[in-house]
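**Q** The structure's right below; bear with me while I get my questions together.
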Amino acid sequence: MPSEYRLLDNMYISGLGCVYLPESETVGISDLHLGFEIYMESEGLFLPRLQMKLEIDRMESILREYAPERVVINGDVKHEFSRNTPQEWLEVRKLFDMLRSRTKVVVVRGNHDNYILNIAGRFGIRVARSLRAGGITFAHGDVVAGEEGRDCTVIGHEHPALRVVDSVGAYTKFPVFLHLEKKRVLVLPAFSPFALGTDVLRGFDGFMSPYLKGAGPSEAVIYALGGGGLSRVGTVAEVIGTRDG
């Protein structure tokens, strides 16, 4: 069983990199960025094509663990902005085939999903700007979409990560959840293993989402993922203070 933390009565975060809402039997993930390797090849950087297998394997684990009635992909299913590449067609189709055989699927449109309707429409999958599940609202986070959740708004977009440096200066990034209880916002980690983005200790002031506007490091609690586990690290301000001390 994966590590879990209950943030609200109807909201758990999981060491599998998802949020789980037991009352509505809904699982949410964000920022899959399928097709990333082919995009990087076009930029001259060749990566092993492991992303699809890693994401499908983790999605299988989520389905076995939670058996949700619905999976919400909270934006950025694919990576390429301007078109649907052949690799994206292949990988998104494989993902949708697997999910639709076992559960309902809703895609919340992200800023990379300009052409996702072309693919989703062939599978009869709903694409929305936001989705409400009880008192929880899913929105990708690049723009304000729909009503804010009464209990919480779940966003992605930022790819939050924690950069850990060892004694010789080498570093590792861990994907993290960020929970801002006062603002009633949960930021999901990127589901893609290649999309570790903003170091929350260095880039907190640089977050782009309007849902995080005005938030301070003392109110954002870090939950770090690693090896299927989930650990509460502390607030951003607490971790910065520990390092500075």
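In the structure tokens, each chain is lettered A, B, ... as it comes, each chain's residues begin at 1, and ligands are numbered from 1 in order of appearance.
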Tell me, as a list in words, which residues lie within 9 Å of Ala237 (chain A), counting only C-alpha atoms; anything in the same chain fewer than 6 positions away does not count.
**A**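 The contact residues come out as Leu201, Gly216, Pro217, Ser218, Glu219, Ala220 and Val221 of chain A.
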**Q** Report as a PyMOL selection string: the residues of region 125-238 of chain A with a DSSP assignment of strand (DSSP E), based on the backbone of this structure.
**A** chain A and resi 126-128+130-133+136-139+152-155+161-165+171-180+185-187+220-226+229-235
**Q** So, counting only C-alpha atoms, which residue among A:Gly135, A:Arg184, A:Gly28, A:Lys53 is closest to Val108 (chain A)?
**A** A:Gly28
**Q** I'd like the contact shell of region 115-130 of chain A - 8 Å cut-off, only C-alpha atoms, skipping same-chain residues fewer than 6 positions apart - returned as a list in words.
**A** Val77, Lys78, Phe81, Ser82, Arg83, Asn84, Trp89, Val92, Arg93, Phe96, Val105, Val106, Val107, Val108, Arg109, Thr137, Phe138, Ala139, His140, Ala145 and Gly146 of chain A
**Q** Neighbours of Tyr223 (chain A) within 8 Å (only C-alpha atoms; same-chain residues fewer than 4 positions away dropped), as an MDAnalysis selection string?
**A** chainID A and resid 176:178 230:234
**Q** Could you please take those selected residues and save N, CA and C atoms as a PDB file, in the first residue's frame?
**A**
```
ATOM      1  N   VAL A 176       7.077  16.898  -5.671  1.00  0.00           N
ATOM      2  CA  VAL A 176       6.389  17.158  -4.399  1.00  0.00           C
ATOM      3  C   VAL A 176       4.957  17.624  -4.647  1.00  0.00           C
ATOM      4  N   PHE A 177       4.115  17.371  -3.651  1.00  0.00           N
ATOM      5  CA  PHE A 177       2.836  18.060  -3.514  1.00  0.00           C
ATOM      6  C   PHE A 177       3.088  19.323  -2.693  1.00  0.00           C
ATOM      7  N   LEU A 178       2.360  20.384  -3.011  1.00  0.00           N
ATOM      8  CA  LEU A 178       2.347  21.587  -2.179  1.00  0.00           C
ATOM      9  C   LEU A 178       0.919  21.823  -1.720  1.00  0.00           C
ATOM     10  N   LEU A 230       5.889   8.743   0.634  1.00  0.00           N
ATOM     11  CA  LEU A 230       5.451  10.135   0.705  1.00  0.00           C
ATOM     12  C   LEU A 230       5.799  10.655   2.088  1.00  0.00           C
ATOM     13  N   SER A 231       6.525  11.775   2.140  1.00  0.00           N
ATOM     14  CA  SER A 231       6.987  12.304   3.420  1.00  0.00           C
ATOM     15  C   SER A 231       6.602  13.767   3.556  1.00  0.00           C
ATOM     16  N   ARG A 232       6.080  14.126   4.730  1.00  0.00           N
ATOM     17  CA  ARG A 232       5.833  15.532   5.018  1.00  0.00           C
ATOM     18  C   ARG A 232       7.149  16.166   5.431  1.00  0.00           C
ATOM     19  N   VAL A 233       7.607  17.132   4.639  1.00  0.00           N
ATOM     20  CA  VAL A 233       8.920  17.737   4.863  1.00  0.00           C
ATOM     21  C   VAL A 233       8.812  18.952   5.772  1.00  0.00           C
ATOM     22  N   GLY A 234       7.715  19.694   5.672  1.00  0.00           N
ATOM     23  CA  GLY A 234       7.539  20.937   6.413  1.00  0.00           C
ATOM     24  C   GLY A 234       7.146  22.040   5.459  1.00  0.00           C
TER      25      GLY A 234
END
```
**Q** For Arg58 (chain A), list every protein, DNA or RNA residue within 12 Å, evaluated using only C-alpha atoms, and leave out those in the same chain fewer than 6 positions away; present the list as a PyMOL selection string.
**A** chain A and resi 2+14-18+29+32+51-52+64-65+95+191-193+227-228
**Q** With distances taken over only C-alpha atoms, which of A:Ser3, A:Asn74, A:Thr103, A:Asn111 is nearest to Glu25 (chain A)?
**A**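 Among A:Ser3, A:Asn74, A:Thr103, A:Asn111, it is A:Thr103 that comes nearest to Glu25 (chain A).
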**Q** I need the alpha helix (DSSP H) residues of region 46-231 of chain A per DSSP on the backbone, written as a ChimeraX atom specification.
**A** /A:51-66,86-100,116-123
**Q** Let me see the file: selected residues, C-alpha atoms, as a PDB file, in the first residue's frame.
**A**
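The new file selection-v2.pdb reads:
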```pdb
ATOM      1  CA  GLN A  51       8.294   7.747 -20.131  1.00  0.00           C
ATOM      2  CA  MET A  52       5.256   5.911 -21.507  1.00  0.00           C
ATOM      3  CA  LYS A  53       6.106   2.632 -19.768  1.00  0.00           C
ATOM      4  CA  LEU A  54       6.831   4.344 -16.456  1.00  0.00           C
ATOM      5  CA  GLU A  55       3.576   6.314 -16.554  1.00  0.00           C
ATOM      6  CA  ILE A  56       1.444   3.345 -17.609  1.00  0.00           C
ATOM      7  CA  ASP A  57       2.974   1.174 -14.879  1.00  0.00           C
ATOM      8  CA  ARG A  58       2.239   3.808 -12.227  1.00  0.00           C
ATOM      9  CA  MET A  59      -1.271   4.322 -13.571  1.00  0.00           C
ATOM     10  CA  GLU A  60      -1.855   0.561 -13.329  1.00  0.00           C
ATOM     11  CA  SER A  61      -0.748   0.700  -9.692  1.00  0.00           C
ATOM     12  CA  ILE A  62      -3.174   3.560  -9.014  1.00  0.00           C
ATOM     13  CA  LEU A  63      -6.067   1.650 -10.574  1.00  0.00           C
ATOM     14  CA  ARG A  64      -5.274  -1.472  -8.561  1.00  0.00           C
ATOM     15  CA  GLU A  65      -4.922   0.454  -5.307  1.00  0.00           C
ATOM     16  CA  TYR A  66      -7.932   2.776  -5.516  1.00  0.00           C
ATOM     17  CA  PRO A  86       2.724  10.655 -34.260  1.00  0.00           C
ATOM     18  CA  GLN A  87       4.294   9.641 -30.941  1.00  0.00           C
ATOM     19  CA  GLU A  88       1.669  11.616 -29.036  1.00  0.00           C
ATOM     20  CA  TRP A  89      -1.146   9.968 -31.017  1.00  0.00           C
ATOM     21  CA  LEU A  90       0.301   6.556 -30.237  1.00  0.00           C
ATOM     22  CA  GLU A  91       0.960   7.163 -26.561  1.00  0.00           C
ATOM     23  CA  VAL A  92      -2.236   9.053 -25.754  1.00  0.00           C
ATOM     24  CA  ARG A  93      -4.285   6.409 -27.565  1.00  0.00           C
ATOM     25  CA  LYS A  94      -2.584   3.661 -25.547  1.00  0.00           C
ATOM     26  CA  LEU A  95      -3.254   5.537 -22.306  1.00  0.00           C
ATOM     27  CA  PHE A  96      -6.907   6.235 -23.149  1.00  0.00           C
ATOM     28  CA  ASP A  97      -7.468   2.639 -24.243  1.00  0.00           C
ATOM     29  CA  MET A  98      -6.124   1.335 -20.945  1.00  0.00           C
ATOM     30  CA  LEU A  99      -8.061   3.795 -18.790  1.00  0.00           C
ATOM     31  CA  ARG A 100     -11.406   3.551 -20.603  1.00  0.00           C
ATOM     32  CA  ILE A 116      -6.201  17.322 -27.259  1.00  0.00           C
ATOM     33  CA  LEU A 117      -9.832  17.532 -28.446  1.00  0.00           C
ATOM     34  CA  ASN A 118      -8.832  15.812 -31.691  1.00  0.00           C
ATOM     35  CA  ILE A 119      -7.609  12.762 -29.796  1.00  0.00           C
ATOM     36  CA  ALA A 120     -10.086  12.719 -26.913  1.00  0.00           C
ATOM     37  CA  GLY A 121     -13.050  13.100 -29.276  1.00  0.00           C
ATOM     38  CA  ARG A 122     -12.241   9.788 -30.936  1.00  0.00           C
ATOM     39  CA  PHE A 123     -12.551   8.055 -27.563  1.00  0.00           C
TER      40      PHE A 123
END
```
**Q** Would you compute the distance between CA of His157 (chain A) and CA of Leu131 (chain A)? Give it in Å to one decimal.
**A**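 Value for the CA of His157 (chain A)-CA of Leu131 (chain A) distance: 15.7 Å.
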